file upload29.cif (mmCIF, C-alpha atoms)
data_data
loop_
_atom_site.group_PDB
_atom_site.id
_atom_site.type_symbol
_atom_site.label_atom_id
_atom_site.label_comp_id
_atom_site.auth_asym_id
_atom_site.auth_seq_id
_atom_site.Cartn_x
_atom_site.Cartn_y
_atom_site.Cartn_z
ATOM 1 C CA MET A 136 -63.505 -56.727 25.883
ATOM 2 C CA ASP A 137 -60.512 -54.397 25.835
ATOM 3 C CA VAL A 138 -60.192 -51.715 23.171
ATOM 4 C CA ILE A 139 -56.673 -51.181 21.858
ATOM 5 C CA PHE A 140 -55.647 -47.939 20.174
ATOM 6 C CA PRO A 141 -52.293 -47.958 18.332
ATOM 7 C CA VAL A 142 -51.497 -44.231 18.406
ATOM 8 C CA ALA A 143 -47.711 -44.171 18.131
ATOM 9 C CA GLY A 144 -47.418 -42.999 14.511
ATOM 10 C CA LEU A 145 -45.697 -39.783 13.453
ATOM 11 C CA GLY A 146 -48.563 -38.559 11.271
ATOM 12 C CA THR A 147 -46.208 -37.231 8.610
ATOM 13 C CA ARG A 148 -48.968 -36.704 6.031
ATOM 14 C CA LEU A 149 -50.703 -34.222 8.359
ATOM 15 C CA ARG A 150 -47.705 -31.980 8.918
ATOM 16 C CA PRO A 151 -47.289 -29.198 9.897
ATOM 17 C CA LEU A 152 -50.191 -29.930 12.282
ATOM 18 C CA THR A 153 -48.405 -32.977 13.712
ATOM 19 C CA TRP A 154 -45.040 -31.415 14.474
ATOM 20 C CA SER A 155 -46.292 -30.417 17.923
ATOM 21 C CA LYS A 156 -49.115 -32.879 18.633
ATOM 22 C CA PRO A 157 -49.880 -36.509 17.757
ATOM 23 C CA LYS A 158 -52.213 -37.120 14.821
ATOM 24 C CA PRO A 159 -55.103 -38.523 16.935
ATOM 25 C CA LEU A 160 -55.370 -35.158 18.697
ATOM 26 C CA VAL A 161 -55.805 -33.145 15.497
ATOM 27 C CA SER A 162 -59.279 -31.595 15.592
ATOM 28 C CA VAL A 163 -62.102 -32.231 13.153
ATOM 29 C CA ALA A 164 -65.660 -30.916 13.601
ATOM 30 C CA GLY A 165 -64.808 -29.553 17.033
ATOM 31 C CA LYS A 166 -63.212 -32.648 18.597
ATOM 32 C CA PRO A 167 -59.962 -34.599 18.307
ATOM 33 C CA ILE A 168 -60.063 -37.452 15.797
ATOM 34 C CA LEU A 169 -59.503 -39.886 18.666
ATOM 35 C CA GLU A 170 -62.561 -38.612 20.531
ATOM 36 C CA HIS A 171 -64.777 -39.265 17.505
ATOM 37 C CA VAL A 172 -63.424 -42.838 17.395
ATOM 38 C CA ILE A 173 -63.928 -43.440 21.118
ATOM 39 C CA ASP A 174 -67.478 -42.072 20.945
ATOM 40 C CA ARG A 175 -68.275 -44.706 18.325
ATOM 41 C CA VAL A 176 -66.890 -47.642 20.297
ATOM 42 C CA SER A 177 -68.128 -46.639 23.768
ATOM 43 C CA PRO A 178 -71.616 -48.170 23.213
ATOM 44 C CA ALA A 179 -69.881 -51.581 23.104
ATOM 45 C CA ASN A 180 -69.178 -51.126 26.866
ATOM 46 C CA PRO A 181 -65.447 -51.947 26.787
ATOM 47 C CA ASP A 182 -63.712 -53.074 29.966
ATOM 48 C CA SER A 183 -60.720 -50.816 29.376
ATOM 49 C CA PHE A 184 -58.854 -48.686 26.869
ATOM 50 C CA VAL A 185 -55.264 -49.607 26.037
ATOM 51 C CA PHE A 186 -53.215 -46.950 24.236
ATOM 52 C CA ILE A 187 -49.982 -47.767 22.421
ATOM 53 C CA THR A 188 -48.146 -44.456 22.325
ATOM 54 C CA GLY A 189 -44.947 -43.134 20.828
ATOM 55 C CA PHE A 190 -44.222 -39.651 19.500
ATOM 56 C CA LEU A 191 -45.639 -37.064 21.950
ATOM 57 C CA GLY A 192 -47.483 -39.870 23.713
ATOM 58 C CA GLU A 193 -47.649 -37.917 26.952
ATOM 59 C CA GLN A 194 -50.153 -35.584 25.276
ATOM 60 C CA ILE A 195 -52.459 -38.492 24.479
ATOM 61 C CA GLU A 196 -52.214 -39.846 28.021
ATOM 62 C CA SER A 197 -52.948 -36.445 29.552
ATOM 63 C CA TRP A 198 -55.900 -35.837 27.224
ATOM 64 C CA ALA A 199 -57.379 -39.337 27.709
ATOM 65 C CA ARG A 200 -57.201 -39.213 31.510
ATOM 66 C CA GLN A 201 -58.862 -35.790 31.560
ATOM 67 C CA THR A 202 -61.607 -36.805 29.106
ATOM 68 C CA TYR A 203 -62.621 -40.360 30.098
ATOM 69 C CA ALA A 204 -63.178 -42.159 33.397
ATOM 70 C CA LEU A 205 -62.932 -45.714 32.018
ATOM 71 C CA PRO A 206 -59.934 -47.813 33.178
ATOM 72 C CA MET A 207 -57.021 -47.262 30.821
ATOM 73 C CA GLU A 208 -53.466 -48.444 30.299
ATOM 74 C CA PHE A 209 -50.567 -46.983 28.318
ATOM 75 C CA VAL A 210 -47.664 -48.813 26.718
ATOM 76 C CA GLU A 211 -44.927 -47.377 24.509
ATOM 77 C CA GLN A 212 -43.709 -48.395 21.071
ATOM 78 C CA PRO A 213 -40.152 -46.998 21.042
ATOM 79 C CA GLN A 214 -39.456 -47.636 17.350
ATOM 80 C CA MET A 215 -41.803 -47.420 14.383
ATOM 81 C CA LEU A 216 -41.555 -51.056 13.264
ATOM 82 C CA GLY A 217 -45.149 -51.503 12.217
ATOM 83 C CA GLN A 218 -48.599 -52.433 13.413
ATOM 84 C CA THR A 219 -47.959 -55.771 15.089
ATOM 85 C CA ASP A 220 -44.729 -54.537 16.672
ATOM 86 C CA ALA A 221 -47.053 -52.111 18.454
ATOM 87 C CA ILE A 222 -49.824 -54.608 19.243
ATOM 88 C CA ILE A 223 -47.530 -57.252 20.740
ATOM 89 C CA ARG A 224 -46.685 -54.772 23.508
ATOM 90 C CA THR A 225 -50.198 -55.191 24.931
ATOM 91 C CA ARG A 226 -49.677 -58.913 25.585
ATOM 92 C CA GLU A 227 -49.573 -58.647 29.360
ATOM 93 C CA LEU A 228 -52.656 -56.430 29.460
ATOM 94 C CA CYS A 229 -55.164 -58.095 27.127
ATOM 95 C CA LYS A 230 -55.889 -61.730 27.963
ATOM 96 C CA ALA A 231 -59.396 -62.203 26.533
ATOM 97 C CA ALA A 232 -61.343 -60.458 23.762
ATOM 98 C CA GLY A 233 -59.921 -57.357 22.145
ATOM 99 C CA LEU A 234 -61.013 -54.744 19.622
ATOM 100 C CA ILE A 235 -58.142 -53.005 17.830
ATOM 101 C CA LEU A 236 -58.902 -49.584 16.334
ATOM 102 C CA PHE A 237 -56.427 -47.534 14.331
ATOM 103 C CA PRO A 238 -57.727 -44.009 15.018
ATOM 104 C CA ASP A 239 -56.857 -42.232 11.780
ATOM 105 C CA MET A 240 -60.391 -42.424 10.448
ATOM 106 C CA VAL A 241 -63.996 -41.750 11.386
ATOM 107 C CA PHE A 242 -66.440 -44.579 10.806
ATOM 108 C CA GLU A 243 -69.957 -45.847 11.394
ATOM 109 C CA ALA A 244 -70.093 -49.496 12.491
ATOM 110 C CA ASP A 245 -72.217 -51.901 14.516
ATOM 111 C CA PHE A 246 -70.359 -53.719 17.285
ATOM 112 C CA THR A 247 -73.379 -55.524 18.769
ATOM 113 C CA CYS A 248 -72.681 -58.612 16.645
ATOM 114 C CA LEU A 249 -69.393 -59.228 18.437
ATOM 115 C CA ALA A 250 -71.024 -60.499 21.629
ATOM 116 C CA SER A 251 -72.601 -63.444 19.823
ATOM 117 C CA THR A 252 -70.155 -64.265 17.020
ATOM 118 C CA ASP A 253 -68.581 -67.721 16.852
ATOM 119 C CA ALA A 254 -65.691 -66.413 14.749
ATOM 120 C CA ASP A 255 -62.161 -66.197 16.098
ATOM 121 C CA ALA A 256 -61.749 -62.804 14.470
ATOM 122 C CA VAL A 257 -63.945 -60.224 12.761
ATOM 123 C CA ILE A 258 -62.402 -57.774 10.310
ATOM 124 C CA TYR A 259 -64.389 -54.668 9.387
ATOM 125 C CA THR A 260 -64.284 -53.820 5.679
ATOM 126 C CA LYS A 261 -65.736 -51.497 3.066
ATOM 127 C CA GLU A 262 -65.929 -51.783 -0.709
ATOM 128 C CA VAL A 263 -63.630 -49.323 -2.495
ATOM 129 C CA ASP A 264 -62.981 -48.484 -6.124
ATOM 130 C CA ASP A 265 -59.176 -48.580 -5.841
ATOM 131 C CA PRO A 266 -57.906 -51.177 -3.341
ATOM 132 C CA SER A 267 -54.181 -50.688 -4.064
ATOM 133 C CA ALA A 268 -53.665 -48.337 -1.121
ATOM 134 C CA PHE A 269 -55.299 -50.612 1.455
ATOM 135 C CA GLY A 270 -55.169 -54.037 2.972
ATOM 136 C CA VAL A 271 -57.833 -56.201 1.330
ATOM 137 C CA VAL A 272 -59.489 -59.542 2.036
ATOM 138 C CA VAL A 273 -60.705 -62.385 -0.161
ATOM 139 C CA THR A 274 -63.610 -64.491 1.132
ATOM 140 C CA ASP A 275 -64.994 -67.920 0.206
ATOM 141 C CA ALA A 276 -68.620 -68.880 -0.471
ATOM 142 C CA ASP A 277 -69.284 -69.210 3.269
ATOM 143 C CA GLY A 278 -68.047 -65.695 3.991
ATOM 144 C CA ARG A 279 -64.833 -66.788 5.684
ATOM 145 C CA ILE A 280 -61.703 -64.840 4.854
ATOM 146 C CA THR A 281 -59.213 -67.004 2.970
ATOM 147 C CA THR A 282 -56.589 -64.426 2.068
ATOM 148 C CA PHE A 283 -55.506 -61.175 3.670
ATOM 149 C CA ILE A 284 -53.188 -58.998 1.573
ATOM 150 C CA GLU A 285 -51.607 -55.672 2.481
ATOM 151 C CA LYS A 286 -51.657 -53.097 -0.347
ATOM 152 C CA PRO A 287 -51.791 -55.522 -3.295
ATOM 153 C CA ASP A 288 -49.907 -54.596 -6.482
ATOM 154 C CA THR A 289 -52.620 -56.245 -8.568
ATOM 155 C CA PRO A 290 -56.318 -56.063 -7.606
ATOM 156 C CA VAL A 291 -57.608 -59.255 -5.984
ATOM 157 C CA SER A 292 -60.550 -57.820 -4.073
ATOM 158 C CA ASN A 293 -62.313 -54.520 -3.494
ATOM 159 C CA GLN A 294 -63.031 -55.332 0.170
ATOM 160 C CA ALA A 295 -60.712 -52.877 1.919
ATOM 161 C CA VAL A 296 -59.800 -53.278 5.563
ATOM 162 C CA VAL A 297 -60.632 -50.069 7.424
ATOM 163 C CA GLY A 298 -58.482 -50.519 10.532
ATOM 164 C CA ILE A 299 -60.961 -52.193 12.921
ATOM 165 C CA TYR A 300 -60.196 -55.744 14.099
ATOM 166 C CA TYR A 301 -61.942 -57.898 16.707
ATOM 167 C CA PHE A 302 -60.293 -60.976 18.251
ATOM 168 C CA GLY A 303 -62.265 -63.282 20.518
ATOM 169 C CA HIS A 304 -59.073 -64.466 22.233
ATOM 170 C CA MET A 305 -56.161 -62.053 21.969
ATOM 171 C CA PRO A 306 -53.515 -64.728 22.720
ATOM 172 C CA ASP A 307 -54.375 -66.263 19.310
ATOM 173 C CA LEU A 308 -53.200 -63.031 17.690
ATOM 174 C CA TYR A 309 -50.114 -62.742 19.888
ATOM 175 C CA ASP A 310 -49.070 -66.292 18.965
ATOM 176 C CA ALA A 311 -49.465 -65.459 15.276
ATOM 177 C CA ILE A 312 -47.370 -62.313 15.726
ATOM 178 C CA ASP A 313 -44.641 -64.432 17.323
ATOM 179 C CA GLU A 314 -44.495 -66.579 14.179
ATOM 180 C CA GLN A 315 -44.652 -63.514 11.945
ATOM 181 C CA MET A 316 -41.625 -62.027 13.678
ATOM 182 C CA GLU A 317 -39.712 -65.306 13.724
ATOM 183 C CA ARG A 318 -40.228 -65.526 9.953
ATOM 184 C CA LYS A 319 -39.341 -61.814 9.490
ATOM 185 C CA MET A 320 -42.560 -61.225 7.541
ATOM 186 C CA MET A 321 -42.196 -57.498 6.869
ATOM 187 C CA LEU A 322 -43.140 -54.966 4.220
ATOM 188 C CA LYS A 323 -40.818 -51.975 3.872
ATOM 189 C CA ASN A 324 -39.227 -52.836 7.221
ATOM 190 C CA GLU A 325 -42.552 -52.900 9.083
ATOM 191 C CA TYR A 326 -44.691 -55.671 10.528
ATOM 192 C CA PHE A 327 -48.296 -55.482 9.314
ATOM 193 C CA ILE A 328 -51.306 -57.060 10.997
ATOM 194 C CA ALA A 329 -52.353 -58.564 7.635
ATOM 195 C CA ASP A 330 -49.562 -61.153 7.846
ATOM 196 C CA ALA A 331 -50.419 -62.106 11.422
ATOM 197 C CA ILE A 332 -54.080 -62.597 10.538
ATOM 198 C CA GLN A 333 -53.094 -64.687 7.519
ATOM 199 C CA ILE A 334 -51.141 -66.952 9.874
ATOM 200 C CA MET A 335 -54.261 -67.321 12.020
ATOM 201 C CA ILE A 336 -56.271 -68.248 8.910
ATOM 202 C CA ASP A 337 -53.643 -70.774 7.836
ATOM 203 C CA ARG A 338 -53.883 -72.322 11.302
ATOM 204 C CA GLY A 339 -57.599 -72.900 10.758
ATOM 205 C CA LYS A 340 -59.024 -69.985 12.711
ATOM 206 C CA LYS A 341 -62.387 -68.688 11.564
ATOM 207 C CA VAL A 342 -62.027 -65.101 10.384
ATOM 208 C CA ILE A 343 -64.997 -63.242 8.893
ATOM 209 C CA THR A 344 -65.879 -59.722 7.775
ATOM 210 C CA ALA A 345 -68.349 -57.155 9.064
ATOM 211 C CA PRO A 346 -69.306 -53.973 7.210
ATOM 212 C CA VAL A 347 -68.858 -50.341 8.057
ATOM 213 C CA THR A 348 -71.568 -48.113 6.643
ATOM 214 C CA ALA A 349 -69.264 -45.092 6.461
ATOM 215 C CA TRP A 350 -65.514 -44.629 6.459
ATOM 216 C CA GLU A 351 -63.877 -41.214 6.357
ATOM 217 C CA ASP A 352 -60.096 -41.118 6.287
ATOM 218 C CA CYS A 353 -58.166 -38.471 8.220
ATOM 219 C CA GLY A 354 -54.743 -39.285 6.814
ATOM 220 C CA ASN A 355 -53.914 -36.010 5.064
ATOM 221 C CA ILE A 356 -55.116 -32.420 4.921
ATOM 222 C CA GLU A 357 -57.474 -32.877 1.984
ATOM 223 C CA VAL A 358 -59.308 -35.856 3.470
ATOM 224 C CA LEU A 359 -59.276 -34.222 6.904
ATOM 225 C CA LEU A 360 -61.280 -31.343 5.470
ATOM 226 C CA SER A 361 -63.557 -33.817 3.696
ATOM 227 C CA THR A 362 -64.154 -35.611 7.000
ATOM 228 C CA ASN A 363 -64.876 -32.264 8.648
ATOM 229 C CA ARG A 364 -67.590 -31.642 6.050
ATOM 230 C CA TYR A 365 -68.978 -35.167 6.519
ATOM 231 C CA LEU A 366 -69.261 -34.769 10.289
ATOM 232 C CA LEU A 367 -70.703 -31.264 10.182
ATOM 233 C CA ASP A 368 -73.423 -32.472 7.827
ATOM 234 C CA ARG A 369 -74.439 -34.967 10.524
ATOM 235 C CA THR A 370 -73.959 -32.859 13.648
ATOM 236 C CA SER A 371 -76.406 -30.445 15.176
ATOM 237 C CA ASN A 372 -74.676 -27.302 16.418
ATOM 238 C CA ASP A 373 -76.889 -24.251 16.878
ATOM 239 C CA ALA A 374 -74.053 -21.767 16.669
ATOM 240 C CA ASP A 375 -75.113 -18.133 16.821
ATOM 241 C CA ARG A 376 -73.370 -14.853 17.454
ATOM 242 C CA GLU A 377 -74.892 -11.367 17.586
ATOM 243 C CA ARG A 378 -72.088 -9.744 15.616
ATOM 244 C CA ALA A 379 -71.541 -12.456 13.017
ATOM 245 C CA LEU A 380 -73.282 -14.397 10.292
ATOM 246 C CA ILE A 381 -73.007 -18.141 10.886
ATOM 247 C CA ILE A 382 -73.793 -20.290 7.845
ATOM 248 C CA PRO A 383 -74.573 -23.909 8.692
ATOM 249 C CA PRO A 384 -73.369 -26.517 8.896
ATOM 250 C CA SER A 385 -70.635 -25.172 11.138
ATOM 251 C CA PHE A 386 -69.248 -25.785 14.612
ATOM 252 C CA ILE A 387 -68.276 -22.948 16.953
ATOM 253 C CA ALA A 388 -67.032 -23.670 20.460
ATOM 254 C CA ASP A 389 -69.040 -21.976 23.200
ATOM 255 C CA ASP A 390 -66.118 -19.827 24.341
ATOM 256 C CA ALA A 391 -64.881 -18.876 20.869
ATOM 257 C CA VAL A 392 -65.085 -15.187 20.013
ATOM 258 C CA VAL A 393 -66.612 -14.494 16.591
ATOM 259 C CA GLU A 394 -67.161 -10.829 15.722
ATOM 260 C CA ASP A 395 -67.897 -8.894 12.534
ATOM 261 C CA SER A 396 -67.325 -12.048 10.521
ATOM 262 C CA ILE A 397 -68.939 -14.589 8.223
ATOM 263 C CA VAL A 398 -68.315 -18.166 9.319
ATOM 264 C CA GLY A 399 -69.320 -21.185 7.262
ATOM 265 C CA PRO A 400 -70.428 -23.248 5.667
ATOM 266 C CA TYR A 401 -68.281 -26.150 6.856
ATOM 267 C CA ALA A 402 -66.224 -24.198 9.369
ATOM 268 C CA SER A 403 -65.055 -25.618 12.710
ATOM 269 C CA ILE A 404 -63.898 -23.025 15.235
ATOM 270 C CA GLY A 405 -62.168 -24.471 18.298
ATOM 271 C CA ALA A 406 -62.282 -23.531 21.965
ATOM 272 C CA GLY A 407 -60.806 -20.175 22.874
ATOM 273 C CA SER A 408 -60.332 -19.119 19.262
ATOM 274 C CA ILE A 409 -60.884 -15.592 17.963
ATOM 275 C CA VAL A 410 -62.362 -14.816 14.553
ATOM 276 C CA ARG A 411 -62.658 -11.097 13.918
ATOM 277 C CA ASP A 412 -63.283 -9.114 10.720
ATOM 278 C CA ALA A 413 -62.881 -12.319 8.747
ATOM 279 C CA ILE A 414 -64.535 -14.807 6.431
ATOM 280 C CA VAL A 415 -63.898 -18.457 7.300
ATOM 281 C CA ARG A 416 -65.395 -21.309 5.300
ATOM 282 C CA ASP A 417 -64.525 -24.942 4.613
ATOM 283 C CA ALA A 418 -61.854 -24.706 7.285
ATOM 284 C CA ILE A 419 -60.716 -26.066 10.633
ATOM 285 C CA VAL A 420 -59.483 -23.542 13.192
ATOM 286 C CA GLU A 421 -58.093 -25.324 16.237
ATOM 287 C CA SER A 422 -58.224 -24.156 19.844
ATOM 288 C CA GLY A 423 -56.699 -20.831 20.788
ATOM 289 C CA ALA A 424 -56.095 -19.692 17.206
ATOM 290 C CA THR A 425 -56.718 -16.143 15.997
ATOM 291 C CA ILE A 426 -58.013 -15.158 12.554
ATOM 292 C CA GLU A 427 -58.220 -11.400 11.929
ATOM 293 C CA SER A 428 -58.844 -9.337 8.795
ATOM 294 C CA ALA A 429 -58.515 -12.379 6.558
ATOM 295 C CA ILE A 430 -60.491 -14.575 4.205
ATOM 296 C CA LEU A 431 -59.747 -18.199 5.021
ATOM 297 C CA GLU A 432 -60.973 -21.058 2.856
ATOM 298 C CA HIS A 433 -60.110 -24.752 2.454
ATOM 299 C CA SER A 434 -57.593 -24.406 5.261
ATOM 300 C CA VAL A 435 -56.465 -25.841 8.587
ATOM 301 C CA VAL A 436 -55.031 -23.629 11.336
ATOM 302 C CA GLY A 437 -53.274 -25.247 14.301
ATOM 303 C CA ARG A 438 -53.620 -24.551 18.000
ATOM 304 C CA GLY A 439 -52.631 -21.057 19.087
ATOM 305 C CA ALA A 440 -51.722 -19.974 15.554
ATOM 306 C CA SER A 441 -52.407 -16.473 14.243
ATOM 307 C CA ILE A 442 -53.516 -15.428 10.755
ATOM 308 C CA ASN A 443 -53.776 -11.735 9.905
ATOM 309 C CA GLY A 444 -53.991 -10.253 6.457
ATOM 310 C CA GLN A 445 -55.333 -11.136 3.048
ATOM 311 C CA PRO A 446 -57.390 -13.904 1.381
ATOM 312 C CA VAL A 447 -55.449 -17.105 1.774
ATOM 313 C CA GLU A 448 -55.486 -20.888 1.729
ATOM 314 C CA VAL A 449 -53.188 -22.217 4.443
ATOM 315 C CA ARG A 450 -52.077 -25.268 6.356
ATOM 316 C CA VAL A 451 -50.603 -23.755 9.489
ATOM 317 C CA GLY A 452 -49.235 -25.663 12.468
ATOM 318 C CA ASP A 453 -49.584 -24.896 16.161
ATOM 319 C CA ASN A 454 -48.452 -21.486 17.432
ATOM 320 C CA SER A 455 -47.533 -20.162 13.982
ATOM 321 C CA VAL A 456 -47.874 -16.449 13.236
ATOM 322 C CA THR A 457 -48.709 -15.361 9.692
ATOM 323 C CA LYS A 458 -49.231 -11.739 8.570
ATOM 324 C CA TRP A 459 -49.442 -9.950 5.237
#
call {"tool": "encode", "arguments": {"input": "upload29.cif", "output": "structure tokens"}}
result
Amino acid sequence: MDVIFPVAGLGTRLRPLTWSKPKPLVSVAGKPILEHVIDRVSPANPDSFVFITGFLGEQIESWARQTYALPMEFVEQPQMLGQTDAIIRTRELCKAAGLILFPDMVFEADFTCLASTDADAVIYTKEVDDPSAFGVVVTDADGRITTFIEKPDTPVSNQAVVGIYYFGHMPDLYDAIDEQMERKMMLKNEYFIADAIQIMIDRGKKVITAPVTAWEDCGNIEVLLSTNRYLLDRTSNDADRERALIIPPSFIADDAVVEDSIVGPYASIGAGSIVRDAIVRDAIVESGATIESAILEHSVVGRGASINGQPVEVRVGDNSVTKW
């Protein structure tokens, strides 16, 4: 099985963090979002990783090759024309089973069922209160998906699709994408995977659901901080510094300097960062950032940025300098 990561998006809802790095490399609980996703799929023993890159894609390729030894391929999506416009570019690389993961979320899911399923496709879902912002599925009495709808105007199901899709034979999906594109099946000038899967269903393919037990979105700053809290609650990190008070749960990189400060709860301090004479809580401080003489709360500070001054709530991109 190949694992496909569509990572070409611009990540506009996470700006200013994503002006200088792709969204999958934004840090949460001490690691890039993409690393959390890969850690959760690695137990499935994939044959290879296939990354579909775009904006600042060279950063993803460099990071992936330095971090993982598994065989990997990279293809480019030159224009942002939607999900299946990205996926179709893997056609020459993925000839058998494939697991597609959109890495803008952190999840808990069981992939062991995929080795024995007789379904042509398995779509991972979670019940939500408001399905209008998601793709949703409708199932029959036998548990087969009958209808797949992207962001419905009127509620038809509360089974939201979380961005994890398994296909037992990837050419089935590619053939459906061909028809989707021939028929110009688009929403707001983008091709969505929901339409391609609906074509597979209409052709008689067996498509079923599988649950995720947790699903934490990383799409904007507020939910990124929420995901940081979720992960820190479930991660053991025995951070300690002689000249600082560390309130768990928090993550502090081994080489981060924390002096004369109170850090936590729910603080993530990245590699090479400096926190001095400061209070940092409910915040993400990415690698190489400096926080001095400041109180930082409910904030995200990008790589290499500098905060110096007064109590503040900020969303600061990479290499910014802020003083009061």
call {"tool": "closest_residue", "arguments": {"input": "upload29.cif", "among": "A:Val297, A:Ala204, A:Leu236, A:Ala268", "to": "Glu285 of chain A", "atoms": "only C-alpha atoms"}}
result
A:Ala268
call {"tool": "resolve_selection", "arguments": {"input": "upload29.cif", "expression": "the PyMOL selection byres ((chain A and resi 331) around 7)", "output": "ChimeraX atom specification"}}
result
/A:308,311-312,315,328-330,332-335
call {"tool": "resolve_selection", "arguments": {"input": "upload29.cif", "expression": "the PyMOL selection byres ((chain A and resi 245) around 10)", "output": "list of chain:residue names"}}
result
A:Arg175, A:Val176, A:Pro178, A:Ala179, A:Glu243, A:Ala244, A:Phe246, A:Thr247, A:Cys248, A:Leu249, A:Tyr259, A:Ala345, A:Pro346, A:Val347, A:Thr348
call {"tool": "resolve_selection", "arguments": {"input": "upload29.cif", "expression": "the PyMOL selection byres ((chain A and resi 368) around 10)", "output": "list in words"}}
result
Ala164, Thr362, Asn363, Arg364, Tyr365, Leu366, Leu367, Arg369, Thr370, Ser371, Pro383, Pro384, Ser385, Pro400 and Tyr401 of chain A
call {"tool": "closest_atom_pairs", "arguments": {"input": "upload29.cif", "of": "segment 213-249 of chain A", "to": "segment 137-144 of chain A", "cutoff": "7 Å", "atoms": "all atoms listed in the file", "output": "CSV"}}
result
residue,atom,partner,partner_atom,distance
A:Ala221,CA,A:Pro141,CA,6.7
A:Cys229,CA,A:Asp137,CA,6.6
A:Ala232,CA,A:Asp137,CA,6.5
A:Gly233,CA,A:Asp137,CA,4.8
A:Leu234,CA,A:Val138,CA,4.7
A:Ile235,CA,A:Ile139,CA,4.7
A:Leu236,CA,A:Phe140,CA,5.3
A:Phe237,CA,A:Pro141,CA,5.8
A:Pro238,CA,A:Phe140,CA,6.8
